[in-house]
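Beneath this line is the structure, given in structure tokens, with notes to follow.
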Amino acid sequence: MRSPKFVRPPEPPKDIRAFAARAGELGVYQALSFLREVDCINMRRRTKVVELGAEACGGSLLGMNVAVLGAAFTPESDDIRDSPALNVAGMMQLHGAAVSVYGPKAMANSRNLFPALDYATSTSGACKNADVVLVATKWAEFVALDPGELDSAFRTRVWRSAGWTYRGLGR
């Protein structure tokens, strides 16, 4: 019996591309080069989350169940523009995972932008039979998550005492 894993994605600055565009308009090419490199680093970190998820599943996401908690770019929002969570969810699906997404306010926007992903109506629904749980935003609901409330959703009972592995990225 596999133990579910948690992976936390990076939270890159959403407006980095806007800053880069403005730097280009102003002719500040040294800043533009720097901002573009920061954006590239942030995008590579999303790929790293997919790699961590695959590693947590024994090397491959093929046939794995992935829960993504949080779809909006930031908590308490329905803004999914450049959402790392949805980008990573899509990449995980392309690697063969069955991905279930739950975000308290961003479900309609998420479905419109990423219709191929599965969407749950609750945290426990997204986590049902999960092999990997991606905590993608700092929603209070996810930060305060009580593993005891989700016992029946997972293949094992509680986080670390049941063999859960936590992988964080960025902090």
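Please note that chains go A, B, ... in the order of the structure tokens, that every chain numbers its residues from 1, and that ligands are numbered from 1 in the order shown.
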Who sits within 12 Å of Met64 of chain A, only C-alpha atoms, same chain under 5 positions skipped, as a PyMOL selection string
chain A and resi 2-5+53-59+92-100+128-133
Could you pull the residues within 10 Å of segment 75-79 of chain A, counting only C-alpha atoms, minus those fewer than 6 positions along the same chain, as JSON, numbers by chain?
{"A": [103, 104, 105, 106, 107, 108, 109, 110, 136, 137, 138, 139, 140, 141, 142]}
Please, could you write that set of residues out with C-alpha atoms as a PDB file, in the first residue's frame?
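Everything below was put into out_38.pdb:
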ATOM      1  CA  GLY A 103     -10.031  25.572  -5.234  1.00  0.00           C
ATOM      2  CA  PRO A 104     -12.652  27.252  -3.088  1.00  0.00           C
ATOM      3  CA  LYS A 105     -13.327  30.225  -5.392  1.00  0.00           C
ATOM      4  CA  ALA A 106     -11.623  29.475  -8.701  1.00  0.00           C
ATOM      5  CA  MET A 107     -13.439  26.402  -9.956  1.00  0.00           C
ATOM      6  CA  ALA A 108     -15.479  28.054 -12.739  1.00  0.00           C
ATOM      7  CA  ASN A 109     -12.480  29.971 -14.082  1.00  0.00           C
ATOM      8  CA  SER A 110     -10.311  26.855 -13.856  1.00  0.00           C
ATOM      9  CA  ALA A 136      -0.857  24.905  -4.231  1.00  0.00           C
ATOM     10  CA  THR A 137      -1.998  28.038  -2.397  1.00  0.00           C
ATOM     11  CA  LYS A 138      -2.080  29.238   1.176  1.00  0.00           C
ATOM     12  CA  TRP A 139      -5.851  29.163   1.579  1.00  0.00           C
ATOM     13  CA  ALA A 140      -6.649  29.124   5.301  1.00  0.00           C
ATOM     14  CA  GLU A 141      -8.661  25.964   4.639  1.00  0.00           C
ATOM     15  CA  PHE A 142      -5.569  24.150   3.386  1.00  0.00           C
TER      16      PHE A 142
END
Considering only strand (DSSP E) as DSSP defines it on the backbone, what residues of segment 33-104 of chain A qualify? List them as a list in words.
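Those residues are Asn65, Val66, Ala67, Val68, Leu69, Ala98, Val99, Ser100, Val101 and Tyr102 of chain A.
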Restricting it to C-alpha atoms, dump the selection as an mmCIF file, in the first residue's frame.
data_model
loop_
_atom_site.group_PDB
_atom_site.id
_atom_site.type_symbol
_atom_site.label_atom_id
_atom_site.label_comp_id
_atom_site.auth_asym_id
_atom_site.auth_seq_id
_atom_site.Cartn_x
_atom_site.Cartn_y
_atom_site.Cartn_z
ATOM 1 C CA ASN A 65 -3.815 9.968 -8.562
ATOM 2 C CA VAL A 66 -2.863 13.582 -7.887
ATOM 3 C CA ALA A 67 -4.908 16.010 -5.790
ATOM 4 C CA VAL A 68 -4.268 19.714 -6.369
ATOM 5 C CA LEU A 69 -5.565 21.900 -3.553
ATOM 6 C CA ALA A 98 -5.264 11.431 -13.010
ATOM 7 C CA VAL A 99 -5.498 14.958 -11.582
ATOM 8 C CA SER A 100 -8.303 16.261 -9.396
ATOM 9 C CA VAL A 101 -8.343 19.992 -8.607
ATOM 10 C CA TYR A 102 -10.186 21.823 -5.851
#
Tell me which protein, DNA and RNA residues are within 12 Å of Thr47 of chain A, counting only C-alpha atoms, leaving out same-chain ones fewer than 3 positions away, and put them as a VMD selection string.
chain A and resid 9 to 10 40 to 44 50 to 54 84 to 85 87 to 92 95 169
Write to file, as an mmCIF file, in the first residue's frame, the residues of the selection just made, with N, CA and C atoms.
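Listing of again02.cif after writing:
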data_model
loop_
_atom_site.group_PDB
_atom_site.id
_atom_site.type_symbol
_atom_site.label_atom_id
_atom_site.label_comp_id
_atom_site.auth_asym_id
_atom_site.auth_seq_id
_atom_site.Cartn_x
_atom_site.Cartn_y
_atom_site.Cartn_z
ATOM 1 N N PRO A 9 4.154 23.698 -4.473
ATOM 2 C CA PRO A 9 4.792 24.381 -5.589
ATOM 3 C C PRO A 9 5.346 25.736 -5.186
ATOM 4 N N PRO A 10 6.197 26.285 -6.021
ATOM 5 C CA PRO A 10 6.695 27.633 -5.753
ATOM 6 C C PRO A 10 5.605 28.661 -5.982
ATOM 7 N N CYS A 40 12.296 32.872 -16.049
ATOM 8 C CA CYS A 40 12.722 31.532 -16.481
ATOM 9 C C CYS A 40 12.943 30.612 -15.276
ATOM 10 N N ILE A 41 13.551 31.153 -14.242
ATOM 11 C CA ILE A 41 13.771 30.370 -13.018
ATOM 12 C C ILE A 41 12.434 29.942 -12.431
ATOM 13 N N ASN A 42 11.490 30.857 -12.361
ATOM 14 C CA ASN A 42 10.169 30.532 -11.817
ATOM 15 C C ASN A 42 9.478 29.449 -12.639
ATOM 16 N N MET A 43 9.592 29.520 -13.941
ATOM 17 C CA MET A 43 8.967 28.500 -14.796
ATOM 18 C C MET A 43 9.646 27.139 -14.615
ATOM 19 N N ARG A 44 10.965 27.132 -14.448
ATOM 20 C CA ARG A 44 11.673 25.865 -14.197
ATOM 21 C C ARG A 44 11.256 25.255 -12.862
ATOM 22 N N VAL A 50 6.703 19.057 -10.732
ATOM 23 C CA VAL A 50 6.275 17.844 -11.429
ATOM 24 C C VAL A 50 7.287 16.728 -11.185
ATOM 25 N N GLU A 51 8.565 17.056 -11.249
ATOM 26 C CA GLU A 51 9.610 16.064 -10.993
ATOM 27 C C GLU A 51 9.537 15.542 -9.557
ATOM 28 N N LEU A 52 9.303 16.434 -8.582
ATOM 29 C CA LEU A 52 9.166 16.001 -7.186
ATOM 30 C C LEU A 52 7.961 15.085 -7.014
ATOM 31 N N GLY A 53 6.871 15.418 -7.698
ATOM 32 C CA GLY A 53 5.683 14.561 -7.634
ATOM 33 C C GLY A 53 5.970 13.181 -8.185
ATOM 34 N N ALA A 54 6.657 13.135 -9.320
ATOM 35 C CA ALA A 54 7.008 11.836 -9.908
ATOM 36 C C ALA A 54 7.939 11.064 -8.989
ATOM 37 N N PRO A 84 0.394 28.882 -11.054
ATOM 38 C CA PRO A 84 1.335 27.756 -11.025
ATOM 39 C C PRO A 84 0.622 26.433 -10.779
ATOM 40 N N ALA A 85 -0.412 26.450 -9.943
ATOM 41 C CA ALA A 85 -1.124 25.219 -9.611
ATOM 42 C C ALA A 85 -1.730 24.570 -10.844
ATOM 43 N N ASN A 87 -0.967 25.163 -14.008
ATOM 44 C CA ASN A 87 0.096 24.809 -14.936
ATOM 45 C C ASN A 87 0.726 23.470 -14.550
ATOM 46 N N VAL A 88 1.031 23.304 -13.274
ATOM 47 C CA VAL A 88 1.621 22.056 -12.778
ATOM 48 C C VAL A 88 0.618 20.910 -12.911
ATOM 49 N N ALA A 89 -0.656 21.168 -12.598
ATOM 50 C CA ALA A 89 -1.687 20.127 -12.737
ATOM 51 C C ALA A 89 -1.750 19.627 -14.179
ATOM 52 N N GLY A 90 -1.708 20.563 -15.124
ATOM 53 C CA GLY A 90 -1.728 20.179 -16.537
ATOM 54 C C GLY A 90 -0.514 19.356 -16.929
ATOM 55 N N MET A 91 0.655 19.762 -16.444
ATOM 56 C CA MET A 91 1.875 19.008 -16.755
ATOM 57 C C MET A 91 1.813 17.605 -16.149
ATOM 58 N N MET A 92 1.288 17.495 -14.924
ATOM 59 C CA MET A 92 1.184 16.179 -14.292
ATOM 60 C C MET A 92 0.231 15.286 -15.069
ATOM 61 N N HIS A 95 1.854 13.822 -17.960
ATOM 62 C CA HIS A 95 2.763 12.739 -17.577
ATOM 63 C C HIS A 95 2.003 11.483 -17.148
ATOM 64 N N LEU A 169 9.027 23.412 -1.787
ATOM 65 C CA LEU A 169 9.882 24.033 -2.768
ATOM 66 C C LEU A 169 9.773 25.544 -2.604
#
What is the atom CA of Leu32 of chain A-atom CA of Ala71 of chain A distance in Å, reported with one decimal?
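Computing it gives 29.0 Å between the two atoms.
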